[in-house]
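Below is one structure, written out as structure tokens; comments come after it.
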Amino acid sequence: MRYLFELSKDHKTLPTAEVLSCLKAEKISYKTLYSNKNVLVIDTDNNYEKIKLIAIRLSSSFYIDEFLFSCPPSLDTIKKVALENNIRKKGSIAVKHLNRSTKINSQDIVKTLSKVYTKNRKVNLEKPDIEVRAVITDSKVYVGLKLFKINRSQYEQRKVQFRPFFSPISLHPKLARTLVNLSCIKKYNTLLDPFCGTGGILLEAGLIGAKVIGSDIEEKMIKGCKKTLEYYNIKDYTLFHCDVGDIVKHVENVDAVVTDLPYGKSTTTHGEATVSLYQRAFENISKVLKKNGRAVIGLSDEGLITTGLEYLSFLEKHELRVHRSLTRFFVVFKK
């Protein structure tokens, strides 16, 4: 079966990487048919139930569709190819779209698809039995049948100002979930954040069923993190008040590590130089991480990737500009 992932443009590389990591986590073998900033289309066995699990996990996609076809954005071509790709399912129908084109009249494409697919069918724009979706780009149109809508509003509802413990330096829940997914963590596996802060990463991991472990050098953060996890009914957690150098005393053989290392004037390193802190962090993360486990690490300086390479293997890097004077680098390592 072929699946079409409608990607957000929240970031250049993270949406695609997130989907691929989730496919790996669920052990889905696949062949990539199309991959660009707008869509990812894969061919795989009929893994509907596993794809459904992925839909629950994702944060940087809009929809997952059953892929029908793609073609150049010519109206005649679209009509011809659509007629060749019949929809067997019975019921009411609606044609909707995601417009990523700066040159094409998307409504003309929607009308063309509607003429083909609504013939002899009842149109229901509110609650159709079948939703035909078109992702329209300058060079191609990708058409599919909606299977799952990604619940992206949930991440806005979990922003730090709505939690029982507040800190202005917390990651946005959507980004935290993406980083968790990059770790390929599975349900019931163990994920560690050794700089857990307010608990945003642990929260997102806990919500997909992982066992979560957090530590922080500041006791107030541990207390606040506990409030956050309890508020969202995360029960399978363990928290430690300790320096990153002492995590080996509390935990071993975790399946994944996801953390955003301290940086800047608004976070505390207790007077320790950043380079020294990062060195100790990577050393101790490598000690507690299982072989072949992934560590997804937020860095303040791209040059610090070399520090990680002393202990772990590099897989991929994602650059995120926060503001003019700050760019974050989220790097995936493997033991």
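Residue numbers start at 1 in each chain; chains themselves are named A, B, ... in the order of the structure tokens; ligands are numbered from 1 in the order shown.
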Residues of segment 239-304 of chain A in strand (DSSP E), written as a list of chain:residue names: A:Leu239, A:Phe240, A:His241, A:Val254, A:Asp255, A:Ala256, A:Val257, A:Val258, A:Thr259, A:Asp260, A:Leu289, A:Lys290, A:Lys291, A:Asn292, A:Gly293, A:Arg294, A:Ala295, A:Val296, A:Ile297, A:Gly298, A:Leu299
If DSSP is run on the backbone, what residues of segment 63-169 of chain A are alpha helix (DSSP H)? A reply as an mmCIF file with C-alpha atoms, in the first residue's frame would be ideal.
data_model
loop_
_atom_site.group_PDB
_atom_site.id
_atom_site.type_symbol
_atom_site.label_atom_id
_atom_site.label_comp_id
_atom_site.auth_asym_id
_atom_site.auth_seq_id
_atom_site.Cartn_x
_atom_site.Cartn_y
_atom_site.Cartn_z
ATOM 1 C CA LEU A 75 -5.653 20.373 -15.786
ATOM 2 C CA ASP A 76 -5.913 18.016 -18.761
ATOM 3 C CA THR A 77 -3.308 15.698 -17.261
ATOM 4 C CA ILE A 78 -4.965 15.760 -13.840
ATOM 5 C CA LYS A 79 -8.332 14.870 -15.360
ATOM 6 C CA LYS A 80 -6.826 12.025 -17.407
ATOM 7 C CA VAL A 81 -4.896 10.489 -14.510
ATOM 8 C CA ALA A 82 -7.794 10.924 -12.068
ATOM 9 C CA LEU A 83 -10.108 9.027 -14.441
ATOM 10 C CA GLU A 84 -7.555 6.214 -14.440
ATOM 11 C CA SER A 106 -5.487 25.740 -6.816
ATOM 12 C CA GLN A 107 -9.251 26.155 -7.186
ATOM 13 C CA ASP A 108 -9.055 25.112 -10.833
ATOM 14 C CA ILE A 109 -7.351 21.900 -9.773
ATOM 15 C CA VAL A 110 -9.944 21.259 -7.064
ATOM 16 C CA LYS A 111 -12.746 21.797 -9.604
ATOM 17 C CA THR A 112 -11.117 19.396 -12.047
ATOM 18 C CA LEU A 113 -10.783 16.678 -9.414
ATOM 19 C CA SER A 114 -14.328 17.329 -8.224
ATOM 20 C CA LYS A 115 -15.767 16.840 -11.719
ATOM 21 C CA VAL A 116 -14.134 13.421 -11.878
ATOM 22 C CA TYR A 117 -14.730 12.156 -8.360
ATOM 23 C CA SER A 153 -3.762 21.374 18.329
ATOM 24 C CA GLN A 154 -2.856 19.182 21.324
ATOM 25 C CA TYR A 155 0.673 20.597 21.330
ATOM 26 C CA GLU A 156 -0.600 24.156 21.642
ATOM 27 C CA GLN A 157 -2.706 23.073 24.599
#
Using only C-alpha atoms, tabulate the residues of segment 89-189 of chain A lying at most 9 Å from any atom of segment 227-243 of chain A, each with its closest atom pair and that distance in Å to one decimal, by chain and increasing residue number, as CSV.
residue,atom,partner,partner_atom,distance
A:Arg163,CA,A:Thr228,CA,6.3
A:Pro164,CA,A:Thr228,CA,6.0
A:Phe165,CA,A:Thr228,CA,6.4
Interatomic distance, atom CA of Ile297 of chain A to atom CA of Ser313 of chain A (Å, one decimal):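 Atom-to-atom, atom CA of Ile297 of chain A and atom CA of Ser313 of chain A are spaced 12.4 Å apart.
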Per residue of segment 162-262 of chain A within 6 Å of segment 14-24 of chain A, which atom pair is closest and at what distance in Å (one decimal), using only C-alpha atoms, listed by chain and increasing number, as CSV?
residue,atom,partner,partner_atom,distance
A:Asn181,CA,A:Glu18,CA,5.9
A:Leu182,CA,A:Ser21,CA,5.3
A:Cys184,CA,A:Ser21,CA,5.4
